[in-house]
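What follows is a single structure, written as structure tokens, with notes after it.
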Amino acid sequence: MAPLKDEEHGSCRTVKNGCECEEKSNPQVIFSGQAAEDLCCGPPAEPRSSHLEKPGYQLCRFVEKFIETPAGSVPRVKRTLDRSDIWETIKVRSGINRNQYKITPGLYCVGAADHHSPVLVSANYKLSFDALRQALTHSHAWILVLDTRGVNVWCAAGKGTFATEEVVRQVRASRLADVVSHRTLILPQLSATGVAAHQVKKQCGFKVQWGPVRSEDIEFFISHDNKCDAAMRKVTFTLWERFVLIPVEITLLYKYLLWFLLIAFILSGIGSGIFSFSQAWHRGLISVSAGIVGIVAGVVVAPLLLPWIPGKPFSVKGALSGFLAGSAVAAIFWGRVNALEVTALMLFAMAVSSYLAMNFTGSTPFTSPSGVEKEMRLAIPAQAGAVLISSAAWLWAAFGAQG
Amino acid sequence: MDDFRYLPGVTTLKLDEKACIGCGMCLAVCPHGVFVINERTAKVIDRDGCMECGACATNCPVNALSVDPGVGCAAYIIQSWIKGKENASCGDGGCC
Ligand code: SF4
Ligand code: SF4
């Protein structure tokens with residue numbers, strides 16, 4: 001049983017043996033003449049604890065009951081997500097609490113799994129686990145959860161935690177051979193980077209069959225005699241798949257934002273009068289807008305429009321979306337900026353967008369490291385050069401205007 | 001993934017057709033449809049589709065395949081330039 005993370009204790013929500021509220025430091029509430037149960041302990045008592053709970057453990061909400069097997073009791077999990085699962089998914093996707101979203105490794109089951117039921121191997125990242133149990137709409141199956149340190153299948157296989165040794169270890173630790181009579185494991189295809197099927201067979205006697213790339217195809221796979229069609233073997237990168245990555249990409253930028261603002265306002269304030277606060281404010285706002293549209297162009301526009309923006313290198317795609325975004329800023333401030341300043345703003349937006357779009361390579365399922373490295377050798381000097389020229393032009397324009 | 005093509009002519013994928021026993025494992029694990037099996041031997045039909053994930057080489061039982069595997073992630077590569085390949089990670093990047 002995994003410890004639940006979202007239980008709130010310590011507040012006086014639970015009422016045991018009458019009122020055990022500790023917040024006695026608030027006498028107004030007690031004498032406010034409300035109904036007795038509202039006096040200090042808020043809402044009425046919650047239902048009695050589940051009989052499945054044990055002291056020292058917390059019951060995972062996705063566990064329905066426990067079933068007995070020759071290898072001990074195994075939690076049976078729900079096939080549907082409840083509100084707290086969905087809420088946690090939203091939090092993870094938006095970059096809050098992004099790490100540490102683990103479930104306890106080991107054996108689980110869905111439905112009425114017996115010794116003939118298939119064994120699906122998964123990562124202990126809760127989003128992967130949720131996707132799998134939700135996809136298992138009808139099948140009765142075992143789910144063997146590996147300790148991938150709370151990392152999803154693809155990344156864990158790349159990092160070597162979703163690996164041959166870990167599969168073998170969990171097969172042994174869960175005493176899977178006592179639970180099922182067959183000797184087949186179904187692994188997600190994307191774990192093949194870390195798992196060598198022939199080695200698993202050699203080391204623990206279980207044969208590996210490669211399941212589909214996406215868990216939503218798992219029912220099809222099981223019901224078609226463990227076969228995929230060709231499309232289920234290929235990764236996709238749909239608009240939606242790209243879209244859900246964006247919030248996290250944005251939250252990762254916060255820590256750089258402060259530096260960017262500081263530098264933008266300082267650079268903008270420098271002029272022939274050495275430093276002017278009003279100039280820092282006015283010109284700073286313009287340069288910050290260029291930076292922000294550059295960010296939006298690189299982190300939102302380029303990933304979303306990825307297949308439609310011309311150019312293969314991501315840095316080129318980003319520079320193009322940055323060019324459009326920079327033009328928009330130039331148009332908005334037209335009349336307040338001269339040609340030199342327009343150049344500076346455009347270059348800056350393009351460089352920011354190009355760099356950020358290039359970083360998106362890490363989130364795509366089709367960029368080869370050799371390709372990314374090749375692209376970066378050209379792109380990074382170009383981006384750095386653009387930022388330097390842009391800053392120089394921005395400064396120069398300030399002296400030109402007043403000097 | 002035919003809409004998504006990255007830089008051509010860069011992959012480090014190599015197939016030794018003489019060593020291949022035609023087991024079809026590479027075909028099953030490759031997420032980009034790079035291989036077909038033709039006359040009991042694997043053939044590369046879409047070299048530029050390869051993203052160097054290494055799944056095929058890891059799973060070939062006779063080591064007929066080789067690829068220099070890695071993650072195509074800019075943050076990772078920057079770190080590998082600075083700290084060396086062993087110490088690099090994507091850190092807190094949006095990827096892994
Ligand atoms: S390295 Fe990955 S993408 Fe390239 S051929 Fe092998 S399995 Fe396919
Ligand atoms: S996995 Fe190796 S032996 Fe099997 S078909 Fe592919 S290249 Fe040939």
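In the structure tokens, each chain is lettered A, B, ... as it comes, each chain's residues begin at 1, and ligands are numbered from 1 in order of appearance.
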
For this session: Compute the set of chain B residues within 8 Å of chain A, using only C-alpha atoms, and express it as a ChimeraX atom specification.
Result: /B:1,3-8,10-12,28-33,49-56,58-59,61,69-77,92-96

For this session: Set the cut-off to 10 Å, count only C-alpha atoms and all ligand atoms, and list whatever residues fall near ligand 2 as a PyMOL selection string.
Result: chain B and resi 14-30+35-38+40-44+55-66

Exercise. Looking only at the backbone, which of the residues in chain B does DSSP tag as strand (DSSP E), as a list of chain:residue names?
Worked result: B:Lys14, B:Leu15, B:Phe35, B:Val36, B:Ile37, B:Asn38, B:Thr41, B:Ala42, B:Lys43, B:Val44, B:Leu65, B:Ser66

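CA of Asp85 (chain A) lies 8.9 Å from CA of Leu127 (chain A).
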
For this session: Skip Arg47 (chain B) itself and residues of its chain fewer than 5 positions away, then list as a ChimeraX atom specification all residues within 8 Å of it, counting only C-alpha atoms.
Result: /B:9,11,13,34

Exercise. Contacts of Arg283 (chain A) at 8 Å or less, counting only C-alpha atoms, minus same-chain residues fewer than 2 places along, as number ranges by chain?
Worked result: A: 265, 268-269, 279-281, 285-287

Problem set entry | d(CA of Val63 (chain A), CA of Leu81 (chain A)) in Å | 11.0 Å

Problem set entry | Computed interatomic separation between CA of Ser139 (chain A) and CA of Phe220 (chain A) (Å) | 10.1 Å

Problem set entry | Sel. of helix (DSSP H, G or I) residues, chain B, as a list of chain:residue names | B:Met25, B:Cys26, B:Leu27, B:Ala28, B:Val29, B:Arg47, B:Asp48, B:Gly49, B:Ala55, B:Cys56, B:Ala57, B:Thr58, B:Asn59, B:Ala74, B:Ala75, B:Tyr76, B:Ile77, B:Ile78, B:Gln79, B:Ser80, B:Trp81, B:Ile82, B:Lys83, B:Lys85, B:Glu86, B:Asn87

For this session: Write out as a VMD selection string which residues come within 8 Å of Ala135 (chain A) when counting only C-alpha atoms, dropping same-chain ones fewer than 4 positions away.
Result: chain A and resid 79 131 215 to 219

For this session: Quick one: everything within 12 Å of Ile103 (chain A), counting only C-alpha atoms, minus sequence neighbours fewer than 6 positions away in the same chain. Send it as number ranges by chain.
Result: A: 1-5, 59-63, 122-130, 144-152
